[in-house]
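One structure below.
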Amino acid sequence: MTGPTLVPFQQIVVKVHSRCDLACDHCYIYEHADQSWRTRPKAISDEAISWTALRLAEHAKSHALPSVSVILHGGEPLLAGPERLRRVCEEFTSALEPVAALDLRIHTNGIQLSSRFLDLFDEFDVRVGISLDGDRTANDRHRRYADGRTSHPLVLRAVDLLRQERYRHLYLGLLCTIDVANDPVAVYDALAELEPPRIDFLLPHATWDDPPARPDGSPTAYAEWILEVFDRWDARGRPVPVRLFDSVFSTLAGGPSLTESLGLAPSDLVVVETDGTLEQVDSLKSAYEGAAATGFDVFRHRFDDVALHPGVQARQLGLAGVSRTCRQCPVVRSCGGGLYTHRYAGGSGFDNTSVYCNDLKALVRGIEERTAQSTASPAVSDPEALLILQQDLTRYTLARLNEELGGRGGERWSAAWELASAIEETSLGLDEIYAHPYTRTWLHTCLDALREQRPDAVELALRLESYVAAAAVRSGLVVPVRVGCPTGTLVLPTLGELRLTADGGPCEAEVAGGPDEVLVSVPGREALRVRPGEAAPGWRPLRQPGLDGWPGLVLEDVDPFRDCFDEPVRAAGGTEALSRAWALLRDAAPEQAAEIASSLTTLTPLRSGGPSVGRHAYGALGLGLEGTPPELAAALLRGFARAKLRAIGEVADLLAEDGAWLHPAPWQDEPLPASQLLAGAYERVLLASLDPAAAAHAVLALKALRDAPEPTVSGKRLIAALHKEAARD
Amino acid sequence: MTLHSSASFAAAKKNRVPLAQIDVRGADAAQKLARVLPASGARGLRVTTFNSSL
């Protein structure tokens, strides 16, 4: 039996001072349920600093963390004074320097900020975030001195100082706590005017026992307020990143959340109080007295001990850590059940929806409605965009291979790489090579070989020469290209293969010519001339069956990387059955047939079975070419559906948290994860032309997916388009 | 598969980063390649998510 999984801490909040020079009435430290600040030392001790740095370095080393963030916090951290903060910076820098990258930050109200502090922060690269609730009216609503005086001018002075050229690199941004009584546009404008590198908006801490103010009674007042900010921000050209918005964008697209107030990402944060005690995230202080306590401290306990604390682990459970209601909610991937603190209710603890549930749902949906059109990948709705993105992916994979080789390819690789770059800039020959589905297979094979440190890895990569030679030929470049032929056969991808030595011994060839005639020279032999489309002794061109309406189709039985299917490949035989199936398909499903003809270039004959999609780029399909024409026509449609859905998924995120939920599938008893339900629905939508009953099942499945949490903005767009097509049939 | 005469391909080709200048370690490339290449296993740099600071 294994123990609980430990999520290492990468964010350490260090309370360097426990008091504050302001008396904000919305502060969770002093004004909410937990009053433990009263018993803490004012400033963190030298001993607590040293032990914290030591524990953190030990933690980073044992978990091989590439970086850790240390956030200096309070109270008001600047009240610790420059000397204490210097000590903190020195201790953390020296302890972490040999172990992991250190990201030092401080979050302050700015009142005390001066050049003395900023020079220190410059020395240790401590970046500075400032709390500011907007314009003066908004800020003064809560952020005042104990005697009621405004803090606003002093905060502006601090921001002005931070914006000076010499300190600007330390300016992290502004943090604004929302009050719906404030004018959202005035608040946003006041913040944006200060040119912060980033803004975040925080919901005021509240629980079911102490719910947030809703002056107009609206259950979505906070969402409406934030969406007004969103609209202003959007209308102004989005001049500054807003963490809250970026997080929703990220999760809607299938990525991680960027703030602990949203999303399902496990918490990796621990708090060190001024007395060295280790606590959970300190917003829990809003819930009840002692809610953040763990019973651990830096003097006697490792960070691993805290990471295994049940309270910490409860915030690392992802979907399993939210309430039953949240688990069924379609926006849960984006809201994550809200900030843990905001779920609290006496009696049921944290096993509730957020007290901001309606706001979070309205906010996520509001942002989605405003942006889905522009953020969904064009690959889901535009077949040509899919082809372009697929080609681009192959280019990036080639660039990755170049990077992974790291010079191991020597002069041969360098020469081929430089020529590839030149061809790409001046002609379309290399683009035709990128479009060949098995070019990607070769690249994956090379990257696998390099990762596995196989002895043939570099030799495999040097096949780039043959791809560049084929590109040069296609481009009609007169530049001869040198190609190593380790098995005595020259393979020109997308063109054919030429046997150069009878015994299969290695040789070296020089390839020149153009699309009409290829000239191949081997030292010591007479130059060979072949015509790409015509078989000749030793030369085997690609076979093109010349189907009516599908002129570009190739029956590929030459490319050495075509053997990438679950079923073994075989030589191409007769094409009579394929021709009849294609004619039937064009008649029954003309739209789908037209898209197949413009998207699939390559059928690879399999010994049996299929249709099969292998490890290749979009454009190929493995197919056993036996069977009746109706069977083959259906296989082509099914195969196209599989190939296209996988191709879309390679360039766009369609689903997130796939497998976390199971959905009823209309065509079987067992429920399915979203990816399998989508694949089944996709096939059935395409097959509807041949099998009208398939459309009904597809519609039911797509309705289930439409209301499910997994689809991203791109996934939703695809599902909507498929639903429209299925409903039409 | 030939797109080369289409307006969208011409626009895409014109606007794309040249092969030799692709930054495969950059965020854009990492996101593209992560969908088709196995994860490296190395833990990436973590963004700070603490609600009460940036």
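In the structure tokens, the first chain shown is A, the next is B, and so on; residue numbers restart at 1 for each chain, and ligands run from 1 in the order shown.
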
### Task
Select all residues from chain A having any atom no more than 8 Å from an atom of chain B (counting only C-alpha atoms, ignoring ligands), output as a PyMOL selection string.
chain A and resi 10-11+65-69+71+106-107+129+172-175+200+202+258-261+269+283+384-385+388+393+395-397+399-400+403+421+424-425+428+432+435-436+444+552+598-601+619+649-651

Can I get the selected residues back with N, CA and C atoms, as a tab-separated table (two decimals), in the first residue's frame?
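result-v4.tsv was written with the following content:
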chain	number	residue	atom	x	y	z
A	10	GLN	N	6.51	24.89	-3.83
A	10	GLN	CA	7.35	25.76	-4.67
A	10	GLN	C	7.09	27.23	-4.39
A	11	GLN	N	6.14	27.48	-3.51
A	11	GLN	CA	5.85	28.86	-3.12
A	11	GLN	C	5.87	28.95	-1.59
A	65	LEU	N	13.68	20.59	-7.36
A	65	LEU	CA	12.86	21.69	-7.87
A	65	LEU	C	13.73	22.64	-8.69
A	66	PRO	N	13.31	22.99	-9.90
A	66	PRO	CA	14.13	23.92	-10.70
A	66	PRO	C	14.09	25.34	-10.14
A	67	SER	N	13.00	25.68	-9.45
A	67	SER	CA	12.90	27.04	-8.92
A	67	SER	C	11.95	27.04	-7.73
A	68	VAL	N	12.15	28.02	-6.86
A	68	VAL	CA	11.19	28.24	-5.78
A	68	VAL	C	10.91	29.74	-5.70
A	69	SER	N	9.69	30.05	-5.34
A	69	SER	CA	9.32	31.45	-5.12
A	69	SER	C	9.22	31.71	-3.63
A	71	ILE	N	7.94	34.57	-1.14
A	71	ILE	CA	7.14	35.80	-1.14
A	71	ILE	C	7.20	36.41	0.25
A	106	ILE	N	8.17	40.58	-2.92
A	106	ILE	CA	7.62	41.15	-1.71
A	106	ILE	C	6.27	41.76	-2.06
A	107	HIS	N	5.33	41.62	-1.15
A	107	HIS	CA	4.04	42.26	-1.38
A	107	HIS	C	3.77	43.25	-0.26
A	129	GLY	N	5.26	43.82	-5.49
A	129	GLY	CA	3.84	43.99	-5.79
A	129	GLY	C	3.22	44.91	-4.75
A	172	LEU	N	6.35	44.57	-10.05
A	172	LEU	CA	5.64	43.33	-10.35
A	172	LEU	C	4.19	43.60	-10.75
A	173	GLY	N	3.58	44.58	-10.10
A	173	GLY	CA	2.21	44.90	-10.47
A	173	GLY	C	1.38	45.32	-9.28
A	174	LEU	N	0.05	45.40	-9.54
A	174	LEU	CA	-0.89	45.92	-8.55
A	174	LEU	C	-1.96	44.88	-8.24
A	175	LEU	N	-2.29	44.80	-6.97
A	175	LEU	CA	-3.29	43.85	-6.49
A	175	LEU	C	-4.47	44.63	-5.93
A	200	ASP	N	-4.03	42.12	-10.67
A	200	ASP	CA	-4.97	41.06	-10.32
A	200	ASP	C	-6.09	41.66	-9.47
A	202	LEU	N	-8.98	40.69	-6.64
A	202	LEU	CA	-9.31	39.67	-5.64
A	202	LEU	C	-10.74	39.85	-5.16
A	258	LEU	N	-3.94	29.91	-13.11
A	258	LEU	CA	-2.79	30.74	-12.80
A	258	LEU	C	-2.92	31.43	-11.44
A	259	THR	N	-3.98	31.11	-10.72
A	259	THR	CA	-4.16	31.68	-9.39
A	259	THR	C	-4.88	30.66	-8.52
A	260	GLU	N	-4.52	30.67	-7.23
A	260	GLU	CA	-5.15	29.68	-6.35
A	260	GLU	C	-6.63	29.97	-6.14
A	261	SER	N	-7.10	31.15	-6.56
A	261	SER	CA	-8.51	31.47	-6.39
A	261	SER	C	-9.38	30.78	-7.44
A	269	LEU	N	1.82	25.64	-1.73
A	269	LEU	CA	2.17	26.85	-1.01
A	269	LEU	C	2.16	26.59	0.50
A	283	SER	N	-5.14	32.77	3.90
A	283	SER	CA	-6.51	33.27	3.72
A	283	SER	C	-7.49	32.43	4.55
A	384	GLU	N	-8.44	23.86	-44.35
A	384	GLU	CA	-7.16	24.35	-44.86
A	384	GLU	C	-6.26	24.81	-43.70
A	385	ALA	N	-6.88	25.46	-42.70
A	385	ALA	CA	-6.10	25.88	-41.53
A	385	ALA	C	-5.51	24.66	-40.83
A	388	ILE	N	-2.43	23.64	-42.72
A	388	ILE	CA	-1.33	24.59	-42.50
A	388	ILE	C	-0.73	24.38	-41.11
A	393	LEU	N	3.54	22.18	-37.53
A	393	LEU	CA	3.97	21.30	-36.46
A	393	LEU	C	5.17	20.45	-36.90
A	395	ARG	N	7.39	21.38	-39.08
A	395	ARG	CA	8.53	22.31	-39.08
A	395	ARG	C	9.11	22.44	-37.68
A	396	TYR	N	8.23	22.61	-36.71
A	396	TYR	CA	8.70	22.77	-35.33
A	396	TYR	C	9.38	21.48	-34.83
A	397	THR	N	8.86	20.34	-35.29
A	397	THR	CA	9.48	19.08	-34.88
A	397	THR	C	10.88	18.96	-35.49
A	399	ALA	N	12.79	21.54	-36.22
A	399	ALA	CA	13.62	22.47	-35.45
A	399	ALA	C	14.01	21.86	-34.11
A	400	ARG	N	13.10	21.10	-33.53
A	400	ARG	CA	13.41	20.44	-32.26
A	400	ARG	C	14.51	19.39	-32.44
A	403	GLU	N	17.77	21.05	-32.54
A	403	GLU	CA	18.18	21.45	-31.20
A	403	GLU	C	18.68	20.25	-30.39
A	421	SER	N	16.98	25.41	-44.74
A	421	SER	CA	16.53	26.77	-44.39
A	421	SER	C	16.46	27.65	-45.63
A	424	GLU	N	13.51	26.64	-47.82
A	424	GLU	CA	12.24	27.08	-47.22
A	424	GLU	C	11.96	28.54	-47.53
A	425	GLU	N	13.02	29.32	-47.54
A	425	GLU	CA	12.85	30.76	-47.76
A	425	GLU	C	12.55	31.09	-49.21
A	428	LEU	N	8.88	26.37	-52.58
A	428	LEU	CA	7.85	25.60	-51.88
A	428	LEU	C	8.23	24.13	-51.72
A	432	GLU	N	6.35	20.98	-49.40
A	432	GLU	CA	5.76	19.72	-49.88
A	432	GLU	C	6.30	18.53	-49.08
A	435	ALA	N	4.52	18.46	-45.83
A	435	ALA	CA	3.14	17.99	-45.99
A	435	ALA	C	3.06	16.47	-46.10
A	436	HIS	N	4.20	15.82	-46.33
A	436	HIS	CA	4.18	14.37	-46.45
A	436	HIS	C	4.04	13.76	-45.05
A	444	HIS	N	9.93	11.79	-35.48
A	444	HIS	CA	9.64	11.15	-34.18
A	444	HIS	C	10.62	10.00	-33.94
A	552	GLY	N	-4.45	13.39	-56.46
A	552	GLY	CA	-3.16	13.43	-55.75
A	552	GLY	C	-2.88	12.21	-54.91
A	598	SER	N	-8.98	16.40	-50.64
A	598	SER	CA	-8.09	17.54	-50.46
A	598	SER	C	-7.23	17.41	-49.20
A	599	SER	N	-7.48	16.38	-48.40
A	599	SER	CA	-6.74	16.26	-47.14
A	599	SER	C	-5.86	15.03	-47.06
A	600	LEU	N	-6.38	13.90	-47.55
A	600	LEU	CA	-5.59	12.67	-47.49
A	600	LEU	C	-4.81	12.51	-48.79
A	601	THR	N	-3.52	12.37	-48.67
A	601	THR	CA	-2.67	12.22	-49.85
A	601	THR	C	-2.15	10.80	-49.98
A	619	GLY	N	-2.82	13.26	-43.20
A	619	GLY	CA	-2.69	13.04	-44.64
A	619	GLY	C	-2.59	11.59	-45.02
A	649	GLY	N	-6.51	17.28	-32.84
A	649	GLY	CA	-6.01	17.18	-31.47
A	649	GLY	C	-4.51	17.41	-31.36
A	650	GLU	N	-3.80	17.26	-32.48
A	650	GLU	CA	-2.35	17.52	-32.45
A	650	GLU	C	-2.01	19.00	-32.55
A	651	VAL	N	-2.96	19.79	-32.98
A	651	VAL	CA	-2.67	21.23	-33.11
A	651	VAL	C	-3.59	22.09	-32.24

### Query
Which polymer residues have any atom within 6 Å of an atom of region 700-712 of chain A, counting only C-alpha atoms, with same-chain residues fewer than 2 positions away left out, as a PyMOL selection string?
chain A and resi 252-254+330-331+654-656+697-698+714-716

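Here CA of Pro77 (chain A) and CA of Glu279 (chain A) stand 17.4 Å from one another.
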
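Contact shell of Phe245 (chain A) at 10 Å (only C-alpha atoms; same-chain neighbours under 6 positions omitted): Ile199, Asp200, Phe201, Ile226, Leu227, Phe230, Leu258, Leu363, Val364 and Ile367 of chain A.
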
### Who sits within 12 Å of Phe561 (chain A), only C-alpha atoms, same chain under 3 positions skipped, as a ChimeraX atom specification
/A:436-446,460,463,491,493-494,556-558,564-565,569,604,614-617,620

### Task
Would you return as a PyMOL selection string the members of region 528-676 of chain A that DSSP assigns to alpha helix (DSSP H) on this structure's backbone?
chain A and resi 576-588+590-599+629-651+674-676

### Query
If you count only C-alpha atoms, which residues fall within 10 Å of region 570-584 of chain A, apart from same-chain ones fewer than 2 positions away, as an MDAnalysis selection string?
chainID A and resid 543 545:550 555:558 563 567:568 586:590 593 603:608 624:636 690

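Relative to CA of Arg474 (chain A), CA of Tyr618 (chain A) is found at 20.6 Å.
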
### Query
So how far away is CA of Leu398 (chain A) from CA of Gln453 (chain A), in Å?
18.2 Å

### Task
For Phe296 (chain A), please output as JSON, numbers by chain all residues within 7 Å (counting only C-alpha atoms; exclusion window: fewer than 4 positions along the same chain).
{"A": [277, 278, 301, 306]}

Just-selected residues, N, CA and C atoms written as a short mmCIF file (atom, residue, chain, number, x, y, z; two decimals), in the first residue's frame:
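This went into again00.cif:
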data_model
loop_
_atom_site.label_atom_id
_atom_site.label_comp_id
_atom_site.auth_asym_id
_atom_site.auth_seq_id
_atom_site.Cartn_x
_atom_site.Cartn_y
_atom_site.Cartn_z
N THR A 277 6.48 29.20 12.93
CA THR A 277 5.48 28.15 12.75
C THR A 277 5.10 28.05 11.28
N LEU A 278 4.77 26.83 10.89
CA LEU A 278 4.42 26.58 9.49
C LEU A 278 2.91 26.45 9.38
N HIS A 301 10.70 20.69 12.11
CA HIS A 301 10.03 19.91 11.06
C HIS A 301 10.52 20.29 9.67
N VAL A 306 4.99 19.03 6.53
CA VAL A 306 3.81 19.89 6.33
C VAL A 306 3.07 19.47 5.06
#

### Query
Pro8 (chain A): which residues within 12 Å, counting only C-alpha atoms, same-chain residues fewer than 5 positions away excluded, as a ChimeraX atom specification?
/A:56,58-68,266-270,302-308,312-313,316 /B:43,46
